[in-house]
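Coordinates as given in run_34.txt (compact mmCIF, C-alpha atoms and all ligand atoms):
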# COMPACT_ATOMS: atom_id res chain seq x y z
CA MET N 1 2.11 -12.80 22.26
CA LEU N 2 5.33 -10.83 22.65
CA GLU N 3 5.36 -9.24 26.10
CA THR N 4 5.53 -5.53 25.60
CA SER N 5 6.12 -2.48 27.73
CA ASP N 6 4.75 -0.21 25.02
CA PRO N 7 1.31 1.12 26.05
CA SER N 8 0.39 1.54 22.37
CA ALA N 9 0.56 -2.24 22.02
CA ARG N 10 -1.90 -2.97 24.80
CA GLN N 11 -4.75 -3.75 22.47
CA LEU N 12 -2.78 -5.08 19.55
CA GLY N 13 -3.00 -8.68 18.54
CA ASP N 14 0.15 -10.63 17.97
CA VAL N 15 3.06 -8.23 18.11
CA LEU N 16 5.71 -9.25 15.57
CA LEU N 17 8.17 -6.42 16.18
CA GLU N 18 8.80 -4.23 19.17
CA VAL N 19 11.33 -1.42 18.95
CA ARG N 20 12.30 -0.12 22.37
CA ASP N 21 14.19 3.13 22.94
CA LEU N 22 16.23 2.67 19.76
CA LYS N 23 19.13 5.06 19.17
CA LYS N 24 21.58 5.64 16.36
CA HIS N 25 24.15 8.33 17.10
CA PHE N 26 26.84 8.98 14.49
CA PRO N 27 30.06 10.39 15.96
CA ILE N 28 31.37 13.68 14.56
CA GLU N 29 35.12 13.25 14.25
CA LYS N 30 37.48 16.17 13.77
CA GLY N 31 41.19 16.88 13.52
CA PHE N 32 44.23 14.76 12.73
CA PHE N 33 43.50 12.30 15.54
CA ARG N 34 39.84 12.13 14.57
CA SER N 35 38.71 12.86 18.09
CA VAL N 36 34.96 12.76 18.67
CA LYS N 37 33.55 16.27 18.98
CA GLY N 38 29.87 15.41 19.19
CA HIS N 39 27.17 13.16 17.79
CA VAL N 40 24.51 13.35 15.12
CA LYS N 41 21.53 11.85 16.89
CA ALA N 42 19.82 10.48 13.79
CA VAL N 43 17.54 8.22 15.85
CA ASP N 44 17.15 9.15 19.48
CA GLY N 45 15.01 6.91 21.65
CA VAL N 46 12.25 5.62 19.37
CA SER N 47 9.75 3.02 20.58
CA PHE N 48 6.87 1.40 18.72
CA THR N 49 5.37 -1.98 17.95
CA ILE N 50 4.04 -3.62 14.79
CA ARG N 51 1.63 -6.51 14.96
CA GLU N 52 1.74 -9.40 12.53
CA GLY N 53 0.09 -8.60 9.19
CA GLU N 54 0.01 -4.86 9.91
CA THR N 55 1.47 -2.00 7.90
CA PHE N 56 3.09 0.66 10.06
CA GLY N 57 3.82 3.85 8.12
CA LEU N 58 6.68 6.09 9.14
CA VAL N 59 6.67 9.66 7.84
CA GLY N 60 8.71 12.82 8.25
CA GLU N 61 10.73 15.25 6.18
CA SER N 62 14.08 14.35 4.75
CA GLY N 63 16.55 14.27 7.64
CA SER N 64 13.97 13.17 10.23
CA GLY N 65 15.79 9.85 10.79
CA LYS N 66 13.17 7.48 9.38
CA THR N 67 15.49 5.72 6.90
CA THR N 68 18.20 5.32 9.56
CA LEU N 69 15.57 3.83 11.86
CA GLY N 70 14.48 1.32 9.19
CA ARG N 71 18.08 0.28 8.60
CA CYS N 72 18.68 -0.19 12.33
CA VAL N 73 15.57 -2.38 12.61
CA VAL N 74 16.97 -4.90 10.10
CA ARG N 75 20.56 -4.35 11.35
CA ALA N 76 21.69 -3.03 7.96
CA ILE N 77 23.48 -0.56 10.23
CA GLU N 78 24.34 -1.06 13.90
CA PRO N 79 22.10 0.71 16.41
CA THR N 80 23.91 2.62 19.15
CA ASP N 81 21.49 1.54 21.85
CA GLY N 82 18.03 0.10 22.38
CA GLN N 83 16.28 -3.15 21.55
CA VAL N 84 14.50 -4.59 18.53
CA PHE N 85 12.44 -7.59 19.58
CA PHE N 86 11.32 -9.86 16.78
CA ARG N 87 8.91 -12.70 17.51
CA LEU N 88 10.14 -15.93 15.98
CA SER N 89 7.29 -18.09 17.24
CA GLU N 90 4.68 -18.13 19.96
CA GLY N 91 6.50 -17.18 23.16
CA GLU N 92 9.93 -16.87 21.53
CA ALA N 93 11.39 -13.48 20.64
CA VAL N 94 14.95 -12.37 19.94
CA ASP N 95 16.53 -8.96 20.35
CA VAL N 96 17.83 -8.37 16.82
CA ALA N 97 19.95 -5.46 18.08
CA ALA N 98 21.90 -7.74 20.43
CA LEU N 99 22.53 -10.77 18.20
CA ASP N 100 26.05 -11.76 17.24
CA LYS N 101 26.88 -12.11 13.55
CA GLN N 102 26.13 -15.83 13.29
CA ALA N 103 22.82 -15.59 15.14
CA LEU N 104 21.87 -12.60 12.98
CA ARG N 105 22.69 -14.57 9.81
CA ASP N 106 20.44 -17.40 11.04
CA ILE N 107 17.37 -15.22 11.44
CA ARG N 108 17.97 -12.69 8.64
CA LYS N 109 15.66 -14.59 6.31
CA HIS N 110 12.72 -13.36 8.41
CA PHE N 111 13.12 -9.72 7.41
CA HIS N 112 14.08 -7.92 4.26
CA MET N 113 14.33 -4.39 2.92
CA ILE N 114 13.04 -2.88 -0.34
CA PHE N 115 14.91 0.24 -1.34
CA GLN N 116 13.84 3.48 -2.95
CA ASP N 117 15.81 3.44 -6.14
CA PRO N 118 15.03 0.43 -8.34
CA TYR N 119 17.89 1.51 -10.62
CA SER N 120 20.75 1.43 -8.15
CA SER N 121 19.45 -1.27 -5.79
CA LEU N 122 19.89 -4.04 -8.38
CA ASP N 123 23.35 -5.18 -9.47
CA PRO N 124 23.50 -4.41 -13.23
CA ARG N 125 25.92 -7.32 -13.79
CA MET N 126 23.47 -9.93 -12.47
CA SER N 127 20.56 -11.44 -14.41
CA VAL N 128 17.06 -11.48 -12.92
CA LEU N 129 17.58 -15.15 -12.13
CA GLU N 130 20.79 -14.42 -10.21
CA ILE N 131 19.31 -11.41 -8.39
CA ILE N 132 16.25 -13.27 -7.12
CA ALA N 133 18.17 -16.50 -6.45
CA GLU N 134 20.86 -14.79 -4.34
CA PRO N 135 18.92 -14.66 -1.03
CA ILE N 136 17.76 -18.26 -1.60
CA ARG N 137 21.38 -19.39 -1.93
CA ASN N 138 22.66 -17.12 0.86
CA ASN N 139 20.10 -18.49 3.29
CA LYS N 140 20.70 -22.08 2.05
CA LEU N 141 16.97 -22.53 1.46
CA LEU N 142 17.41 -24.61 -1.69
CA ALA N 143 20.52 -26.32 -3.05
CA ASP N 144 19.52 -27.82 -6.37
CA SER N 145 19.84 -25.37 -9.30
CA ARG N 146 16.64 -26.59 -10.92
CA ASP N 147 14.69 -26.10 -7.69
CA ILE N 148 16.14 -22.62 -7.35
CA GLN N 149 15.20 -21.74 -10.91
CA ASN N 150 11.66 -23.04 -10.37
CA ARG N 151 11.36 -20.97 -7.22
CA VAL N 152 12.58 -17.86 -9.08
CA ARG N 153 10.01 -18.45 -11.84
CA GLU N 154 7.29 -18.81 -9.20
CA LEU N 155 8.33 -15.53 -7.57
CA MET N 156 8.43 -13.74 -10.92
CA GLU N 157 4.86 -14.83 -11.57
CA VAL N 158 3.77 -13.73 -8.10
CA VAL N 159 5.01 -10.17 -8.70
CA GLY N 160 3.72 -9.99 -12.28
CA LEU N 161 6.98 -10.40 -14.22
CA ASP N 162 7.23 -12.37 -17.45
CA ILE N 163 9.16 -15.58 -16.73
CA GLN N 164 10.56 -15.43 -20.27
CA HIS N 165 12.73 -12.56 -19.00
CA LEU N 166 14.56 -14.74 -16.49
CA ASN N 167 17.96 -14.21 -18.05
CA ARG N 168 17.64 -10.50 -18.82
CA TYR N 169 19.63 -7.85 -16.98
CA PRO N 170 18.16 -4.92 -14.99
CA HIS N 171 18.86 -2.30 -17.70
CA ALA N 172 16.29 -4.05 -19.94
CA PHE N 173 13.45 -3.27 -17.51
CA SER N 174 11.38 -0.17 -16.69
CA GLY N 175 11.44 1.40 -13.21
CA GLY N 176 8.24 -0.36 -12.16
CA GLN N 177 9.50 -3.72 -13.44
CA ARG N 178 12.78 -3.26 -11.60
CA GLN N 179 10.90 -2.57 -8.39
CA ARG N 180 8.98 -5.80 -9.02
CA ILE N 181 12.32 -7.61 -9.32
CA GLY N 182 13.35 -6.06 -5.99
CA ILE N 183 10.07 -7.22 -4.42
CA ALA N 184 10.50 -10.77 -5.81
CA ARG N 185 14.01 -10.81 -4.36
CA SER N 186 12.72 -9.66 -0.98
CA LEU N 187 10.06 -12.41 -1.00
CA ALA N 188 12.52 -15.17 -1.91
CA PRO N 189 13.43 -16.25 1.64
CA ASN N 190 9.75 -16.14 2.80
CA PRO N 191 10.22 -13.16 5.12
CA ARG N 192 7.67 -12.10 7.70
CA LEU N 193 8.68 -8.44 7.92
CA ILE N 194 9.54 -6.20 4.98
CA VAL N 195 10.92 -2.71 5.49
CA CYS N 196 9.91 -0.62 2.46
CA ASP N 197 12.20 2.41 2.36
CA GLU N 198 10.59 4.98 0.02
CA ALA N 199 9.75 1.95 -2.13
CA VAL N 200 7.59 3.86 -4.62
CA SER N 201 9.05 7.37 -4.39
CA ALA N 202 11.14 7.11 -7.56
CA LEU N 203 8.22 5.84 -9.68
CA ASP N 204 5.62 7.62 -11.80
CA VAL N 205 2.27 8.08 -10.05
CA SER N 206 0.45 5.43 -12.16
CA ILE N 207 3.25 2.90 -11.53
CA GLN N 208 3.24 3.82 -7.82
CA ALA N 209 -0.41 2.75 -7.62
CA GLN N 210 0.38 -0.58 -9.29
CA ILE N 211 3.25 -1.32 -6.90
CA LEU N 212 1.19 -0.31 -3.84
CA ASN N 213 -1.62 -2.61 -4.98
CA LEU N 214 0.90 -5.40 -5.52
CA LEU N 215 2.30 -4.91 -2.00
CA GLU N 216 -1.21 -5.05 -0.54
CA ASP N 217 -2.02 -8.24 -2.48
CA LEU N 218 1.24 -9.85 -1.36
CA GLN N 219 0.59 -8.84 2.24
CA GLU N 220 -2.74 -10.62 2.17
CA GLU N 221 -1.43 -13.68 0.36
CA PHE N 222 1.68 -14.19 2.51
CA ASN N 223 0.57 -12.50 5.77
CA LEU N 224 3.43 -10.03 5.48
CA THR N 225 4.12 -7.25 7.93
CA PHE N 226 5.36 -3.92 6.55
CA LEU N 227 7.32 -1.05 8.01
CA PHE N 228 6.55 1.46 5.28
CA ILE N 229 8.85 4.49 5.25
CA ALA N 230 7.88 7.41 3.01
CA HIS N 231 7.77 11.19 2.87
CA ASP N 232 4.62 11.17 0.71
CA LEU N 233 1.67 11.18 3.08
CA SER N 234 -0.87 10.24 0.40
CA VAL N 235 1.03 7.02 -0.18
CA VAL N 236 1.29 6.32 3.53
CA GLU N 237 -2.41 7.01 4.07
CA HIS N 238 -3.29 4.57 1.31
CA ILE N 239 -1.30 1.63 2.62
CA SER N 240 -0.89 2.01 6.40
CA ASP N 241 -2.95 0.72 9.33
CA ARG N 242 -1.09 2.94 11.80
CA VAL N 243 1.33 5.79 11.29
CA GLY N 244 4.24 7.26 13.23
CA VAL N 245 5.55 10.77 12.55
CA MET N 246 9.25 11.44 13.09
CA TYR N 247 10.99 14.75 13.68
CA VAL N 248 14.74 15.06 14.35
CA GLY N 249 15.24 11.46 15.40
CA LYS N 250 12.18 11.17 17.62
CA LEU N 251 8.58 10.06 17.21
CA VAL N 252 6.30 13.06 17.77
CA GLU N 253 2.96 11.40 17.01
CA MET N 254 1.55 7.91 16.47
CA ALA N 255 -2.02 6.70 15.89
CA ASP N 256 -4.20 4.65 13.59
CA THR N 257 -4.18 6.12 10.11
CA GLU N 258 -7.67 7.61 10.17
CA SER N 259 -7.23 9.35 13.54
CA LEU N 260 -3.83 10.73 12.63
CA PHE N 261 -4.99 12.06 9.27
CA THR N 262 -8.32 13.52 10.39
CA GLN N 263 -7.52 14.55 13.98
CA PRO N 264 -3.78 15.22 14.29
CA LYS N 265 -2.52 16.08 17.76
CA HIS N 266 0.92 17.47 16.90
CA PRO N 267 1.51 20.75 15.02
CA TYR N 268 4.20 19.12 12.89
CA THR N 269 1.72 16.49 11.67
CA GLU N 270 -0.82 19.24 10.97
CA ALA N 271 1.73 21.04 8.77
CA LEU N 272 2.65 17.85 6.88
CA LEU N 273 -1.02 17.05 6.30
CA SER N 274 -1.72 20.52 4.94
CA ALA N 275 0.55 19.64 2.01
CA VAL N 276 -1.45 16.53 1.05
CA PRO N 277 -3.03 17.32 -2.34
CA ASN N 278 -6.80 17.34 -2.44
CA THR N 279 -8.53 15.35 -5.14
CA ASP N 280 -11.48 17.77 -5.14
CA PRO N 281 -10.46 21.07 -6.83
CA GLU N 282 -13.45 22.80 -5.14
CA ILE N 283 -11.84 22.33 -1.74
CA LYS N 284 -9.41 25.17 -1.19
CA MET N 285 -6.06 24.12 0.20
CA ASP N 286 -4.59 26.20 2.98
CA ARG N 287 -1.07 24.94 3.19
CA ILE N 288 0.98 25.61 6.32
CA ILE N 289 4.45 26.64 5.24
CA LEU N 290 6.95 25.69 7.92
CA PRO N 291 9.66 28.32 8.37
CA GLY N 292 13.30 27.18 8.28
CA GLU N 293 14.71 23.71 7.93
CA VAL N 294 14.51 20.51 9.96
CA ALA N 295 16.62 21.12 13.09
CA ASN N 296 20.22 19.90 13.07
CA PRO N 297 20.30 16.55 14.92
CA ALA N 298 23.89 17.31 16.00
CA ASN N 299 22.76 20.46 17.76
CA PRO N 300 18.97 20.43 18.24
CA PRO N 301 17.11 23.34 19.84
CA SER N 302 16.32 23.32 23.57
CA GLY N 303 12.92 22.18 24.84
CA CYS N 304 10.69 20.97 22.04
CA TYR N 305 12.85 20.43 18.95
CA PHE N 306 10.02 21.73 16.80
CA HIS N 307 9.59 25.07 18.63
CA PRO N 308 11.54 27.31 16.17
CA ARG N 309 9.07 26.29 13.42
CA CYS N 310 5.89 25.90 15.45
CA ARG N 311 3.17 28.52 15.15
CA TYR N 312 1.67 27.48 18.50
CA ALA N 313 4.93 27.65 20.51
CA GLN N 314 4.85 29.23 23.97
CA ASP N 315 7.57 29.90 26.54
CA ILE N 316 7.53 26.40 28.02
CA CYS N 317 8.23 24.94 24.56
CA MET N 318 11.66 26.62 24.52
CA THR N 319 12.79 25.15 27.82
CA ASP N 320 10.95 21.88 28.52
CA GLU N 321 10.94 18.83 26.33
CA PRO N 322 7.35 17.59 25.88
CA GLN N 323 6.63 14.08 27.12
CA TRP N 324 5.27 11.28 24.94
CA SER N 325 1.76 10.59 26.18
CA GLU N 326 -1.55 9.03 25.19
CA VAL N 327 -3.71 12.04 24.32
CA ALA N 328 -6.67 10.04 22.99
CA PRO N 329 -7.28 6.27 23.00
CA GLN N 330 -4.28 4.67 21.23
CA HIS N 331 -3.26 8.13 19.96
CA PHE N 332 0.14 9.32 21.21
CA ALA N 333 1.89 12.66 20.81
CA ALA N 334 4.76 14.67 22.28
CA CYS N 335 3.44 18.22 22.55
CA HIS N 336 2.75 20.33 25.66
CA PHE N 337 -0.60 21.39 24.20
CA ALA N 338 -1.68 18.25 22.35
CA GLU N 339 -4.95 18.02 24.28
CA GLU N 340 -5.83 21.71 23.92
CA LEU N 341 -4.96 22.56 20.33
CA GLU N 342 -7.64 22.10 17.71
CA LEU N 343 -5.54 21.10 14.76
CA ARG N 344 -6.68 20.69 11.21
CA GLY N 345 -6.47 17.29 9.54
CA VAL N 346 -7.28 16.26 6.00
CA ASP N 347 -10.85 16.83 4.87
CA GLU N 348 -12.85 13.70 5.74
CA SER N 349 -15.19 14.26 2.79
CA ARG N 350 -12.42 13.96 0.18
FE1 LIG V 401 4.68 23.37 19.21
FE2 LIG V 401 5.16 23.64 21.81
FE3 LIG V 401 3.80 21.55 20.92
FE4 LIG V 401 6.42 21.76 20.43
S1 LIG V 401 5.44 21.51 22.43
S2 LIG V 401 4.83 21.15 18.99
S3 LIG V 401 6.60 23.95 20.13
S4 LIG V 401 3.15 23.69 20.82

Show this structure as structure tokens.
Ligand code: SF4
Amino acid sequence: MLETSDPSARQLGDVLLEVRDLKKHFPIEKGFFRSVKGHVKAVDGVSFTIREGETFGLVGESGSGKTTLGRCVVRAIEPTDGQVFFRLSEGEAVDVAALDKQALRDIRKHFHMIFQDPYSSLDPRMSVLEIIAEPIRNNKLLADSRDIQNRVRELMEVVGLDIQHLNRYPHAFSGGQRQRIGIARSLAPNPRLIVCDEAVSALDVSIQAQILNLLEDLQEEFNLTFLFIAHDLSVVEHISDRVGVMYVGKLVEMADTESLFTQPKHPYTEALLSAVPNTDPEIKMDRIILPGEVANPANPPSGCYFHPRCRYAQDICMTDEPQWSEVAPQHFAACHFAEELELRGVDESR
């Protein structure tokens, strides 16, 4: 098992990924000489672990830093600081954040990303065959064209695409089918970790359900591990084993899905959950409307970043940053009053 300093991982099985104190700060450049006047702290010291075969959901409003975090994990963008340990085999882990380009290329086949927009994430000039074959060729997994084509056909069948459409181009497919092409492409190098960045957000609700079911089936069949990034909490609740909630570049709460949804410990989570639609029209929704916008990560408020929007804020919240602590078994939150507040989760009888 990967040795971990993260207390949330104490009782986890085999940890596949450990993110430690990860940061991504974008410089703000101004003037003719483009001198650095400050930083947008999009991700600011995030730590969590994901065990093999688990789905870790990451939620937060737009601008919370969750997409930037996902991109840093797979080194699609360079983290500013921190470590991303990925377990290659029993007793052998690499820090993805510290690898040089060649070493990164060698292990890239182990993780892949599925993007939000199935329209723009596929190259319209490439056929389905070329799109799915590209990571196979790039990772030098197969050399013979016939073998590659057979592998592409196999992947198309796995994700429910008609193999007769091998030579069609993306414009000939619906949104759901395009996302299936994206999933087949992500499976091509036999990855162990897939980062799904708002993977179903652009799809109709009925198609969303189909893609979520497909992802769950694939997870079971190939023992995949998912980092599932989404703003839609219903989707995250459906697919995740554990969930982390991000606000202005930091994790503010993390727990198993049921605890987080039924017994939230952070006021921000409570507000997000109040917007989850209820399937029973008899149950009256009492939505918490958060005042203002997500704080500016280039100039966040003092103390608790959430205090200008928090209905429970007290004086200490304006001056002291709350510490990340275990407020119930395997349930973590960063709020001065996490253990005292009685927050409302989703209705368990839904
Ligand atoms: Fe609200 Fe204070 Fe908790 Fe921040 S620390 S979430 S402002 S109660």

Checklist entry - atom CA of N:Ala199 and atom CA of N:Gly57 are how many Å apart? => result 12.0 Å

Checklist entry - Once you count only C-alpha atoms and all ligand atoms, which residues end up within 12 Å of ligand LIG 401 (chain V), and could you hand them over as JSON, numbers by chain? => result {"N": [247, 251, 252, 253, 264, 265, 266, 267, 268, 269, 270, 271, 290, 301, 302, 303, 304, 305, 306, 307, 308, 309, 310, 311, 312, 313, 314, 315, 316, 317, 318, 319, 320, 321, 322, 323, 324, 333, 334, 335, 336, 337, 338, 339, 340, 341, 342, 343]}

Next on the checklist: Residues within 10 Å of (18.7, -18.5, -1.8), file coordinates, counting all atoms listed in the file: what are they? Give the list as an MDAnalysis selection string.
Outcome noted: chainID N and resid 109 130:143 148 151:152 185 188:189

Checklist entry - Can you tell me, as a PyMOL selection string, what residues are no more than 12 Å from N:His238 when counting only C-alpha atoms, ignoring any on the same chain fewer than 6 positions away? => result chain N and resi 55-57+208-209+212-213+215-216+228+230+232+257-258+261

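The nearest approach to N:Gly45 among the residues N:Asn299, N:Gln164, N:Thr80, N:Gln179, with all atoms listed in the file taken into account, belongs to N:Thr80.
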